[in-house]
Amino acid sequence: MKGAIALELKHVTKRFGAVVANHDVSLSVHHGEILAVLGENGSGKTTLMNMISGIYYPDEGEIYIDGNKAQILSPKDSFKYGVGMIHQHFKLVDVFSATENIVLGIEDGKKFNLKESSARIAEIADKYGFEISPEKKIYNMSVSEKQTVEILKVLYRGADILILDEPTAVLTPQETDKLFAVLRRMRDDGKCIIIITHKMHEVLSLSDRVAVLRKGEYVGTVETAMTSESELTEMMVGKKIALNIDRTDALGLGERLVVDKLNCLDEYGVKVLQDVSFSVHGGEILGIAGIAGSGQKELLEAIAGIQPTESGKISYIEPESKELIDLRTKTTAEIRDLGIRLSFVPEDRLGMGLVGNMDAVDNMMLRGYEKSTVFVDRKKPKELADKIIDELEVVTPGTSTPVRRLSGGNVQKLLVGREIASAPKVFMAAYPVRGLDINSSYTIYNLLTKQKESGVAVMFVGEDLDVLMDLCDRIMVIASGKITGIVDARTITKEELGLLMTKTTSVFEDRESRTNSEEKESLSDE
Amino acid sequence: MIFGFPIVLFIQRAILQGTALLFGSTGEILTEKSGNLNLGIPGIMYIGGISGVIGGFLYQSSAGRTVNPVLAIIIPLLSSLLGSLLASLLYCFLTVTLRANQNVTGLALTTFGVGFGNFFGGSLIKLVDSEVPSIALTKIAKVFKKTLPFADDLGWFGDIFLSYGFMVYLAIILAVVASIFLKKTRTGLYLRAVGENPATADAAGINVSKYKYLSTCIGGMIAGLGGLYYVMDYTNGVWSNNGFGDRGWLAIALVIFATWKPSVGIVGSYLFGALYVLYNYISVSMPMMPIIQMLPYVVTIIVLIITSMRNKKENQPPASLGLSYFREER
Amino acid sequence: MSENIDRVNETEAAVQDVKPDGHKDQKKREPLFHITKRGQLPLIQAIGIRAAAIVLALIVGGIVSVFVTGKNPIDIYASIFDGAFGNGDRAWVTLQEIAVLLGISLAVTPAFRMRFWNTGAEGQVLIGCLATAACMFWIGGSVPEWLLIVIMLGASIIAGILWGVLPAVFKAFWGTNETLFTLMMNYVAIQLVESFLKIADKSGSNTVGPTILVHGWVPNLFGVQYLLNIVIVAALCVLMYIYLKKTKQGYEISVVGESENTARYVGINVKKVIIRTMAISGAICGLIGFLLVGATSHSIDADLVGGRGFTAIMVSWLAKFNPVIMVLTSFLLVFLDLGAGEMSSALGLNKSYGEILTGIILFFIIGCEFFVQYKINVNKNHKFFVKKGEKEVLE
């Protein structure tokens, strides 16, 4: 039942230097209601919520809780007002146990007793159907376990206003359903729940009302029951755009990269890739789907020579001579020095693909600087930077501005532009549109399609299944480091992909009797 | 004597030598647990020492022939604590409030602190017109060194365990209390969270700056007591410039050796103390003596290497050690 | 004061719809100010803030000095200046001191740009001193002087490299904390020097001086003492600038320092760069050690480097790791140190007073960086201002 207004924002504005993250945002949420805050990446959803939870302090405007003006100077203040936030990036202390993390910051005047707290946590977990061992250390936990700890943290405090920042990004569909059930139960309990998301189906299935933000501005709030996907999309992106990707047929240029029974451990010795086998052809886009953290990052990095591997084979097949070169034991530098043109747009743009504190010229130089002997030449990189800025319409004050000051889309254009400039034979991109506005995203999709048309073997790791199904030729699904299926992107359904994403046995374990070569054939047939 | 080796005396000297280090390391462990790598500790120990000396000097000159034992302890103790508190506050203000680089601030504080100690030490020496470049507070030191009355009657047992001034026991008590505090209390848990991941602690409603200030100031005051102990007990109330030497750095080494555990610090400090005085008790050539004094540092390096190779999460430095925290970082 | 009110009115006009609420207790809790990170401060302003900090530091230093000495602060600063530049000889000493400090600062800079916090320059220089002195002591007299000097140079550089590379290897392969490792290496070097002193001089003296180290004196350049050191460090400064800004290795250092992940991504061998850079750092430290013993003092003691390995960290950091600006910052610190030392003896103070004064000034310079990087946004609707305003109106 919808109750009184729990939380109200009035004319809230927040700036970071010259960037306006939120401008004059006003909205309200009732008790017993689930409000979805919808907006593209970079629309200011998280910043807005961080002001309610005391991480940021608004430059202008006020926050009212239960009708009274609230001064939320710190997260501690927000707890006092009964606000609990589950952050997208986990706020957990690695070397602490679940219990130690959950009781952190609680001043309830009771005696400090971790055993009692553990018992209470187990009780709450039981009530909602979470599985957790309170004594387990965070660094031994999987992503979804960590998520559970985050949620328990808020439940343990008995928060009245719950804010969840993209909580389903790391969850399986089953876990998501479970979470939503919990949230609905809490709503019926009279709690006020705000969920930040950009996934339309979650908005429609869960929320009572939807507030939409666009580029830091508040667009409006609508009743979920009275709206439609297209109306919400329009509110979110402004004008109506045709969301179509022009997909051409694969060129079928033969195998370019063949991965065979690849195994890989992470730094703690946990197997992150298990007997991974697949191939990519020239002139196709192979999509890689899976829940975040299933081994996508390790797979691409292993191919690029960054991630050490245990066993298996990564073979590159030279398009002209058909010569076969094993890349698995080679370092990035060795692969580069062999003249294999392998481009890679990593997930972490400013932490891996580019250097945030360097300008566009020095960032262009990351590729090709090694050809210089003693002194570096900044003339060619400067020309390349100018060319990319011009051709991809990068908005920047100039080539000598540190790239971290540019917006996400412009950063990504620089990175993709640089990677394409080397005329690659294999092109790998991990979440290349994450955090980008719709227009920039489509620029990137077009660039990938163009690469495919010119005969490049493209690998694309994505999270939006609709995009994967529209853009790719084949989709490979990875779950817990195993390949659970390689399917035709044109015929597969979302539900089927969802099932593959949560499967525990690999496609190879299903057909143990077959030999390796047969397997490969059957895979490309699918 | 065992095989001609004065074992009881050796243990005594090791404990006496190690106590100054124990104060220093307990203080620095508390500080580092908040994520502050205070390289100003050697300076703070000088300041703690000289502040106590100044307080003691003023009291002894005004008290005349006999000193009141309570005041003789209270006055130097409080002035020492005050001195180290002010120095720690300065460090906190720069690194926590103004978010300055911790290494640079700490090193500047050490420069300042050693200068501060030697300047006021020198001034006092000049004031008393002494022949030797040192100042003696023998009456006060006698009170500091007072042992338990029955210590002498218990033979070797009394010599090893009971023959010290109260500060030796204070150092042990503080280390044990610090250990329990960090392991067993709510505040201790919160403090560790601040040092491991200040953003998480902040989001959980823990006042990061307050914790950093408090732990660094209390840690600094404990470390400063090491300086006080050194003058009032170890050297019998004699302050001589640069006399404290590199013990402050040894205390920082001890923190690593103890893998940030105050209880291990107790054993470690006596071990370091033993290595520090060992050359007096074994017959070695002159050039070998410094080599033996080098051992604590070498042992520390080895411990540092082994813990990093074993990569056991629990033995690592606090994850945010040396980094300043700004909530609105983006 | 009136200016203040004007500004209050202005902002209130700008945010008209923000009306302070009636709740008194909440009003009290409204923050007086909050802090945000600046975008980028114009260079002039950034320099202005730093200059203001130095002026403020000098004023505070003056006040403290007056308090301690009872003398006129102008006299105090005049004697500091006199101490640093009083006559030709002192100016040469000042230049020589700048050269040594700048040299060590240049040595630590590449490592710092790589975010490798080398706190071990003290030991790396000292071990260079020791290697030089050891060659002078043991080999001196048995080989021609020129050969001895070459051997000294080689030995000091190798010793410096050893001291720098050892922590780097462990950092590169096992992530061993380099700040603490290099710090400990200082004291290992000090004790080794102590040991050498006891071997070279059986009398138990704290110094082994020119009467014992009679061989291997590096000749003065053009007969001018210290000139060699100054010329070498000046050349080093230019080379380091070029190395860091224009060469491939300098670029690699920047990439590794900014992001190890990016370095691995583009195929930079991070381990190799860490070790190579620390070898360069150590080699320069060793070279400075060679100059200190072989060309300058012809003596060695455990305090020969005298904390300059630590001061160099501040020089490099204050200059934002820019070799050219480091000329200025090393000048500032040497000026303070020598001047204050000279001043203390002129005014009959203990020499340590210089360290106190240097400390005060450093604290100001360190603290002022905050105002360059962050902005304090004062809440002008706060009762603190409103009250003042009301008061003003009443008056």
# chains A, B, ... in the order shown; residues from 1 in each chain; ligands from 1
$ interface_residues --of "chain A" --to "chain C" --cutoff "7 Å" --atoms "only C-alpha atoms" --output "list in words"
Gly17, Ala18, Gly61, Gln71, Ile306, Thr332, Ala333, Gly351, Met352, Gly353, Leu354, Val355, Leu366, Arg367, Ser372, Val374, Phe375 and Val376 of chain A
$ write_last_selection --atoms "N, CA and C atoms" --output "short mmCIF file (atom, residue, chain, number, x, y, z; two decimals), in the first residue's frame"
data_model
loop_
_atom_site.label_atom_id
_atom_site.label_comp_id
_atom_site.auth_asym_id
_atom_site.auth_seq_id
_atom_site.Cartn_x
_atom_site.Cartn_y
_atom_site.Cartn_z
N GLY A 17 33.66 20.10 -10.45
CA GLY A 17 34.43 21.02 -11.27
C GLY A 17 33.48 21.68 -12.26
N ALA A 18 33.78 21.51 -13.55
CA ALA A 18 32.95 22.16 -14.56
C ALA A 18 31.77 21.28 -14.97
N GLY A 61 19.92 23.03 -3.24
CA GLY A 61 18.71 22.23 -3.07
C GLY A 61 18.63 21.55 -1.72
N GLN A 71 19.53 17.18 6.85
CA GLN A 71 20.90 17.58 6.54
C GLN A 71 21.75 16.33 6.54
N ILE A 306 48.26 -10.76 -21.97
CA ILE A 306 48.41 -10.05 -20.70
C ILE A 306 48.25 -11.01 -19.54
N THR A 332 52.54 -10.00 -24.66
CA THR A 332 51.99 -8.97 -25.51
C THR A 332 53.05 -8.42 -26.46
N ALA A 333 54.24 -8.19 -25.91
CA ALA A 333 55.32 -7.61 -26.72
C ALA A 333 55.75 -8.58 -27.81
N GLY A 351 41.90 2.79 -17.05
CA GLY A 351 42.84 2.10 -16.19
C GLY A 351 43.72 1.14 -16.97
N MET A 352 43.34 0.83 -18.22
CA MET A 352 44.14 -0.10 -19.00
C MET A 352 44.34 0.38 -20.43
N GLY A 353 43.25 0.73 -21.10
CA GLY A 353 43.36 1.09 -22.51
C GLY A 353 44.04 2.42 -22.73
N LEU A 354 43.79 3.33 -21.80
CA LEU A 354 44.37 4.66 -21.92
C LEU A 354 44.95 5.06 -20.57
N VAL A 355 45.77 6.10 -20.55
CA VAL A 355 46.27 6.64 -19.30
C VAL A 355 45.55 7.97 -19.07
N LEU A 366 50.87 5.06 -27.10
CA LEU A 366 50.91 3.76 -26.43
C LEU A 366 51.07 2.63 -27.44
N ARG A 367 50.48 2.84 -28.63
CA ARG A 367 50.70 1.88 -29.70
C ARG A 367 51.72 2.49 -30.64
N SER A 372 60.36 3.29 -31.70
CA SER A 372 61.44 4.26 -31.55
C SER A 372 62.60 3.61 -30.80
N VAL A 374 65.74 5.48 -29.17
CA VAL A 374 66.08 6.19 -27.93
C VAL A 374 65.03 7.27 -27.64
N PHE A 375 64.84 8.13 -28.61
CA PHE A 375 63.89 9.22 -28.40
C PHE A 375 62.53 8.88 -29.01
N VAL A 376 61.48 9.40 -28.39
CA VAL A 376 60.16 9.16 -28.96
C VAL A 376 59.80 10.31 -29.90
#
$ closest_atom_pairs --of "chain C" --to "chain B" --cutoff "8 Å" --atoms "only C-alpha atoms" --output "JSON lines"
{"residue": "C:Thr36", "atom": "CA", "partner": "B:Glu328", "partner_atom": "CA", "distance": 6.9}
{"residue": "C:Lys37", "atom": "CA", "partner": "B:Glu329", "partner_atom": "CA", "distance": 7.5}
{"residue": "C:Phe170", "atom": "CA", "partner": "B:Ile305", "partner_atom": "CA", "distance": 7.2}
{"residue": "C:Trp174", "atom": "CA", "partner": "B:Met309", "partner_atom": "CA", "distance": 5.6}
{"residue": "C:Gly175", "atom": "CA", "partner": "B:Ser308", "partner_atom": "CA", "distance": 6.5}
{"residue": "C:Thr176", "atom": "CA", "partner": "B:Ser308", "partner_atom": "CA", "distance": 5.2}
{"residue": "C:Asn177", "atom": "CA", "partner": "B:Leu304", "partner_atom": "CA", "distance": 7.6}
{"residue": "C:Leu180", "atom": "CA", "partner": "B:Ala253", "partner_atom": "CA", "distance": 7.7}
{"residue": "C:Phe181", "atom": "CA", "partner": "B:Ile301", "partner_atom": "CA", "distance": 6.1}
{"residue": "C:Met184", "atom": "CA", "partner": "B:Tyr297", "partner_atom": "CA", "distance": 5.7}
{"residue": "C:Met185", "atom": "CA", "partner": "B:Tyr297", "partner_atom": "CA", "distance": 7.5}
{"residue": "C:Tyr187", "atom": "CA", "partner": "B:Tyr297", "partner_atom": "CA", "distance": 6.9}
{"residue": "C:Val188", "atom": "CA", "partner": "B:Met294", "partner_atom": "CA", "distance": 5.6}
{"residue": "C:Gln191", "atom": "CA", "partner": "B:Pro290", "partner_atom": "CA", "distance": 5.1}
{"residue": "C:Leu192", "atom": "CA", "partner": "B:Ile291", "partner_atom": "CA", "distance": 6.6}
{"residue": "C:Glu194", "atom": "CA", "partner": "B:Pro290", "partner_atom": "CA", "distance": 6.0}
{"residue": "C:Ser195", "atom": "CA", "partner": "B:Pro287", "partner_atom": "CA", "distance": 4.4}
{"residue": "C:Phe196", "atom": "CA", "partner": "B:Pro287", "partner_atom": "CA", "distance": 6.7}
{"residue": "C:Leu197", "atom": "CA", "partner": "B:Pro287", "partner_atom": "CA", "distance": 7.8}
{"residue": "C:Lys198", "atom": "CA", "partner": "B:Pro287", "partner_atom": "CA", "distance": 5.1}
{"residue": "C:Ile199", "atom": "CA", "partner": "B:Pro287", "partner_atom": "CA", "distance": 5.8}
{"residue": "C:Phe310", "atom": "CA", "partner": "B:Leu107", "partner_atom": "CA", "distance": 6.8}
{"residue": "C:Thr311", "atom": "CA", "partner": "B:Leu107", "partner_atom": "CA", "distance": 7.9}
{"residue": "C:Ile313", "atom": "CA", "partner": "B:Val104", "partner_atom": "CA", "distance": 7.0}
{"residue": "C:Met314", "atom": "CA", "partner": "B:Val104", "partner_atom": "CA", "distance": 5.8}
{"residue": "C:Trp317", "atom": "CA", "partner": "B:Val104", "partner_atom": "CA", "distance": 7.7}
{"residue": "C:Leu349", "atom": "CA", "partner": "B:Ser123", "partner_atom": "CA", "distance": 7.9}
{"residue": "C:Asn350", "atom": "CA", "partner": "B:Phe119", "partner_atom": "CA", "distance": 5.7}
{"residue": "C:Lys351", "atom": "CA", "partner": "B:Phe119", "partner_atom": "CA", "distance": 7.3}
{"residue": "C:Ser352", "atom": "CA", "partner": "B:Gly115", "partner_atom": "CA", "distance": 4.8}
{"residue": "C:Tyr353", "atom": "CA", "partner": "B:Phe119", "partner_atom": "CA", "distance": 5.7}
{"residue": "C:Gly354", "atom": "CA", "partner": "B:Gly115", "partner_atom": "CA", "distance": 7.6}
{"residue": "C:Glu355", "atom": "CA", "partner": "B:Gly115", "partner_atom": "CA", "distance": 4.9}
{"residue": "C:Ile356", "atom": "CA", "partner": "B:Phe112", "partner_atom": "CA", "distance": 4.9}
{"residue": "C:Leu357", "atom": "CA", "partner": "B:Phe112", "partner_atom": "CA", "distance": 7.9}
{"residue": "C:Thr358", "atom": "CA", "partner": "B:Phe112", "partner_atom": "CA", "distance": 7.3}
{"residue": "C:Gly359", "atom": "CA", "partner": "B:Phe112", "partner_atom": "CA", "distance": 4.7}
{"residue": "C:Ile360", "atom": "CA", "partner": "B:Phe112", "partner_atom": "CA", "distance": 7.5}
{"residue": "C:Leu362", "atom": "CA", "partner": "B:Ala108", "partner_atom": "CA", "distance": 6.6}
{"residue": "C:Phe363", "atom": "CA", "partner": "B:Ala108", "partner_atom": "CA", "distance": 7.2}
{"residue": "C:Ile366", "atom": "CA", "partner": "B:Ala100", "partner_atom": "CA", "distance": 6.3}
{"residue": "C:Gly367", "atom": "CA", "partner": "B:Leu94", "partner_atom": "CA", "distance": 5.7}
{"residue": "C:Glu369", "atom": "CA", "partner": "B:Ala100", "partner_atom": "CA", "distance": 7.2}
{"residue": "C:Phe370", "atom": "CA", "partner": "B:Leu98", "partner_atom": "CA", "distance": 5.3}
$ residues_around --residues "Asn118 (chain C)" --least-positions-apart "3" --cutoff "8 Å" --atoms "only C-alpha atoms" --output "count of residues only"
8
$ closest_residue --among "A:Glu8, A:Glu116, A:Glu33, A:Asp94" --to "chain B" --atoms "only C-alpha atoms"
A:Asp94
$ atom_distance --atom1 "CA of Ser163 (chain B)" --atom2 "CA of Val277 (chain B)"
18.1 Å
$ residues_around --residues "Ile121 (chain A)" --least-positions-apart "2" --cutoff "8 Å" --atoms "only C-alpha atoms" --output "list of chain:residue names"
A:Thr99, A:Ser117, A:Ser118, A:Ala119, A:Glu123, A:Ile124, A:Ala125, A:Pro134, A:Leu152, A:Tyr156
$ select_by_dssp --residues "region 197-376 of chain A" --states "strand (DSSP E or B)" --output "JSON list (two decimals) with C-alpha atoms, in the first residue's frame"
[["chain", "number", "residue", "atom", "x", "y", "z"],
["A", 197, "THR", "CA", 18.80, 0.67, -13.35],
["A", 209, "ARG", "CA", 6.62, 4.37, -10.56],
["A", 210, "VAL", "CA", 9.57, 5.38, -12.73],
["A", 211, "ALA", "CA", 11.58, 8.59, -12.46],
["A", 212, "VAL", "CA", 13.66, 9.37, -15.51],
["A", 213, "LEU", "CA", 16.91, 11.33, -15.62],
["A", 214, "ARG", "CA", 18.61, 12.55, -18.75],
["A", 217, "GLU", "CA", 18.28, 16.72, -15.62],
["A", 218, "TYR", "CA", 15.05, 15.39, -14.14],
["A", 219, "VAL", "CA", 12.68, 14.52, -16.99],
["A", 220, "GLY", "CA", 9.64, 13.32, -15.08],
["A", 221, "THR", "CA", 7.95, 10.53, -13.16],
["A", 222, "VAL", "CA", 5.35, 8.15, -14.58],
["A", 223, "GLU", "CA", 3.23, 5.31, -13.18],
["A", 255, "GLU", "CA", 39.26, -19.40, -39.02],
["A", 256, "ARG", "CA", 41.44, -16.54, -37.82],
["A", 257, "LEU", "CA", 41.83, -17.44, -34.18],
["A", 258, "VAL", "CA", 41.38, -20.90, -32.67],
["A", 259, "VAL", "CA", 41.33, -21.37, -28.91],
["A", 260, "ASP", "CA", 41.66, -24.93, -27.73],
["A", 261, "LYS", "CA", 41.14, -26.23, -24.17],
["A", 262, "LEU", "CA", 42.43, -23.07, -22.57],
["A", 263, "ASN", "CA", 42.82, -23.14, -18.79],
["A", 264, "CYS", "CA", 43.67, -20.22, -16.61],
["A", 265, "LEU", "CA", 44.01, -19.45, -12.88],
["A", 271, "LYS", "CA", 40.25, -21.56, -11.99],
["A", 272, "VAL", "CA", 38.73, -18.72, -14.02],
["A", 273, "LEU", "CA", 38.83, -20.39, -17.44],
["A", 274, "GLN", "CA", 38.19, -24.09, -17.81],
["A", 275, "ASP", "CA", 38.83, -25.96, -21.04],
["A", 276, "VAL", "CA", 37.67, -23.06, -23.18],
["A", 277, "SER", "CA", 37.57, -23.91, -26.89],
["A", 278, "PHE", "CA", 36.17, -21.90, -29.77],
["A", 279, "SER", "CA", 37.18, -20.22, -33.00],
["A", 280, "VAL", "CA", 36.63, -16.82, -34.59],
["A", 281, "HIS", "CA", 36.46, -16.34, -38.32],
["A", 284, "GLU", "CA", 32.38, -12.08, -38.44],
["A", 285, "ILE", "CA", 31.44, -10.69, -35.07],
["A", 286, "LEU", "CA", 31.53, -13.26, -32.31],
["A", 287, "GLY", "CA", 29.54, -12.01, -29.33],
["A", 288, "ILE", "CA", 30.46, -13.15, -25.85],
["A", 289, "ALA", "CA", 27.61, -13.21, -23.37],
["A", 311, "SER", "CA", 47.44, -24.94, -20.48],
["A", 312, "GLY", "CA", 45.76, -25.15, -23.87],
["A", 313, "LYS", "CA", 46.36, -23.49, -27.19],
["A", 314, "ILE", "CA", 45.62, -20.10, -28.72],
["A", 315, "SER", "CA", 46.39, -20.31, -32.41],
["A", 316, "TYR", "CA", 46.45, -17.38, -34.76],
["A", 317, "ILE", "CA", 46.05, -18.26, -38.43],
["A", 324, "LEU", "CA", 49.58, -21.25, -37.62],
["A", 325, "ILE", "CA", 51.18, -19.37, -34.69],
["A", 326, "ASP", "CA", 50.63, -20.31, -31.04],
["A", 342, "LEU", "CA", 45.67, -7.76, -32.69],
["A", 343, "SER", "CA", 43.64, -4.87, -31.34],
["A", 344, "PHE", "CA", 42.05, -4.85, -27.92],
["A", 345, "VAL", "CA", 39.59, -2.40, -26.35],
["A", 359, "ASP", "CA", 46.95, 13.77, -23.20],
["A", 375, "PHE", "CA", 63.89, 9.22, -28.40]]
$ interface_residues --of "chain A" --to "chain B" --cutoff "10 Å" --atoms "only C-alpha atoms" --output "PyMOL selection string"
chain A and resi 16+50+53-57+74-80+84-87+90-96+100-107+111-114+139+153-154+268
$ write_last_selection --atoms "C-alpha atoms" --output "PDB file, in the first residue's frame"
ATOM      1  CA  PHE A  16      32.113  18.273 -10.161  1.00  0.00           C
ATOM      2  CA  ASN A  50      24.947   9.337  -3.356  1.00  0.00           C
ATOM      3  CA  SER A  53      23.260   8.404   1.266  1.00  0.00           C
ATOM      4  CA  GLY A  54      25.685  11.111   2.357  1.00  0.00           C
ATOM      5  CA  ILE A  55      28.577  10.328   0.044  1.00  0.00           C
ATOM      6  CA  TYR A  56      28.224  13.680  -1.700  1.00  0.00           C
ATOM      7  CA  TYR A  57      26.721  16.879  -0.419  1.00  0.00           C
ATOM      8  CA  SER A  74      27.785  11.920   5.950  1.00  0.00           C
ATOM      9  CA  PRO A  75      26.622   8.346   5.498  1.00  0.00           C
ATOM     10  CA  LYS A  76      26.177   8.250   9.250  1.00  0.00           C
ATOM     11  CA  ASP A  77      23.533  10.950   9.004  1.00  0.00           C
ATOM     12  CA  SER A  78      21.795   9.001   6.269  1.00  0.00           C
ATOM     13  CA  PHE A  79      21.559   5.926   8.526  1.00  0.00           C
ATOM     14  CA  LYS A  80      19.986   8.068  11.190  1.00  0.00           C
ATOM     15  CA  GLY A  84      20.436   2.392   3.370  1.00  0.00           C
ATOM     16  CA  MET A  85      22.280   2.246   0.066  1.00  0.00           C
ATOM     17  CA  ILE A  86      23.612  -0.783  -1.740  1.00  0.00           C
ATOM     18  CA  HIS A  87      26.363   0.498  -3.957  1.00  0.00           C
ATOM     19  CA  PHE A  90      30.897  -3.143  -3.339  1.00  0.00           C
ATOM     20  CA  LYS A  91      31.887  -1.272  -0.233  1.00  0.00           C
ATOM     21  CA  LEU A  92      33.395  -4.165   1.645  1.00  0.00           C
ATOM     22  CA  VAL A  93      36.611  -4.679   3.557  1.00  0.00           C
ATOM     23  CA  ASP A  94      38.372  -7.621   1.943  1.00  0.00           C
ATOM     24  CA  VAL A  95      40.142  -9.005   4.986  1.00  0.00           C
ATOM     25  CA  PHE A  96      37.027  -8.894   7.168  1.00  0.00           C
ATOM     26  CA  GLU A 100      32.496  -7.852  10.575  1.00  0.00           C
ATOM     27  CA  ASN A 101      31.475  -6.027   7.420  1.00  0.00           C
ATOM     28  CA  ILE A 102      27.808  -6.027   8.309  1.00  0.00           C
ATOM     29  CA  VAL A 103      28.223  -4.613  11.824  1.00  0.00           C
ATOM     30  CA  LEU A 104      30.591  -1.932  10.578  1.00  0.00           C
ATOM     31  CA  GLY A 105      29.527   1.526  11.660  1.00  0.00           C
ATOM     32  CA  ILE A 106      26.628   0.419  13.836  1.00  0.00           C
ATOM     33  CA  GLU A 107      26.403   2.232  17.160  1.00  0.00           C
ATOM     34  CA  LYS A 111      27.583  -4.891  23.787  1.00  0.00           C
ATOM     35  CA  PHE A 112      29.997  -5.684  20.976  1.00  0.00           C
ATOM     36  CA  ASN A 113      29.540  -9.369  20.323  1.00  0.00           C
ATOM     37  CA  LEU A 114      30.345 -10.758  16.904  1.00  0.00           C
ATOM     38  CA  TYR A 139      38.261 -12.197  -0.250  1.00  0.00           C
ATOM     39  CA  LYS A 153      24.152  -4.983   5.610  1.00  0.00           C
ATOM     40  CA  VAL A 154      21.171  -2.783   4.889  1.00  0.00           C
ATOM     41  CA  TYR A 268      44.581 -16.740  -5.808  1.00  0.00           C
TER      42      TYR A 268
END
$ select_by_dssp --residues "region 171-384 of chain C" --states "helix (DSSP H, G or I)" --output "number ranges by chain"
C: 171-174, 178-200, 227-246, 248-258, 260-265, 270-297, 308-318, 323-346, 353-373, 383-384
$ residues_around --residues "Ser215 (chain B)" --least-positions-apart "5" --cutoff "7 Å" --atoms "only C-alpha atoms" --output "list in words"
Leu30, Thr31 and Ser34 of chain B
$ residues_around --residues "Ala6 (chain A)" --least-positions-apart "4" --cutoff "12 Å" --atoms "only C-alpha atoms" --output "list of chain:residue names"
A:Lys2, A:Leu27, A:Ser28, A:Val29, A:His30, A:His31, A:Gly32, A:Glu33, A:Ile34, A:Leu35, A:Ile63, A:Tyr64, A:Ile65, A:Asp66, A:Gly67, A:Asn68, A:Lys69, A:Ala70, A:Tyr81, A:Gly82, A:Val83, A:Asp160, A:Ile161, A:Leu162, A:Gly190, A:Lys191, A:Cys192, A:Ile193, A:Ile194
$ atom_distance --atom1 "CA of Met226 (chain A)" --atom2 "CA of Arg185 (chain A)"
22.6 Å
$ atom_distance --atom1 "CA of Ile282 (chain B)" --atom2 "CA of Gly123 (chain C)"
27.9 Å
$ residues_around --residues "Gly140 (chain C)" --least-positions-apart "6" --cutoff "8 Å" --atoms "only C-alpha atoms" --output "VMD selection string"
chain C and resid 148 214 to 216
$ write_last_selection --atoms "C-alpha atoms" --output "compact mmCIF listing (two decimals), in the first residue's frame"
# COMPACT_ATOMS: atom_id res chain seq x y z
CA LEU C 148 92.22 4.40 -8.80
CA VAL C 214 95.31 9.98 1.08
CA HIS C 215 94.91 8.43 -2.36
CA GLY C 216 92.40 8.92 -5.11
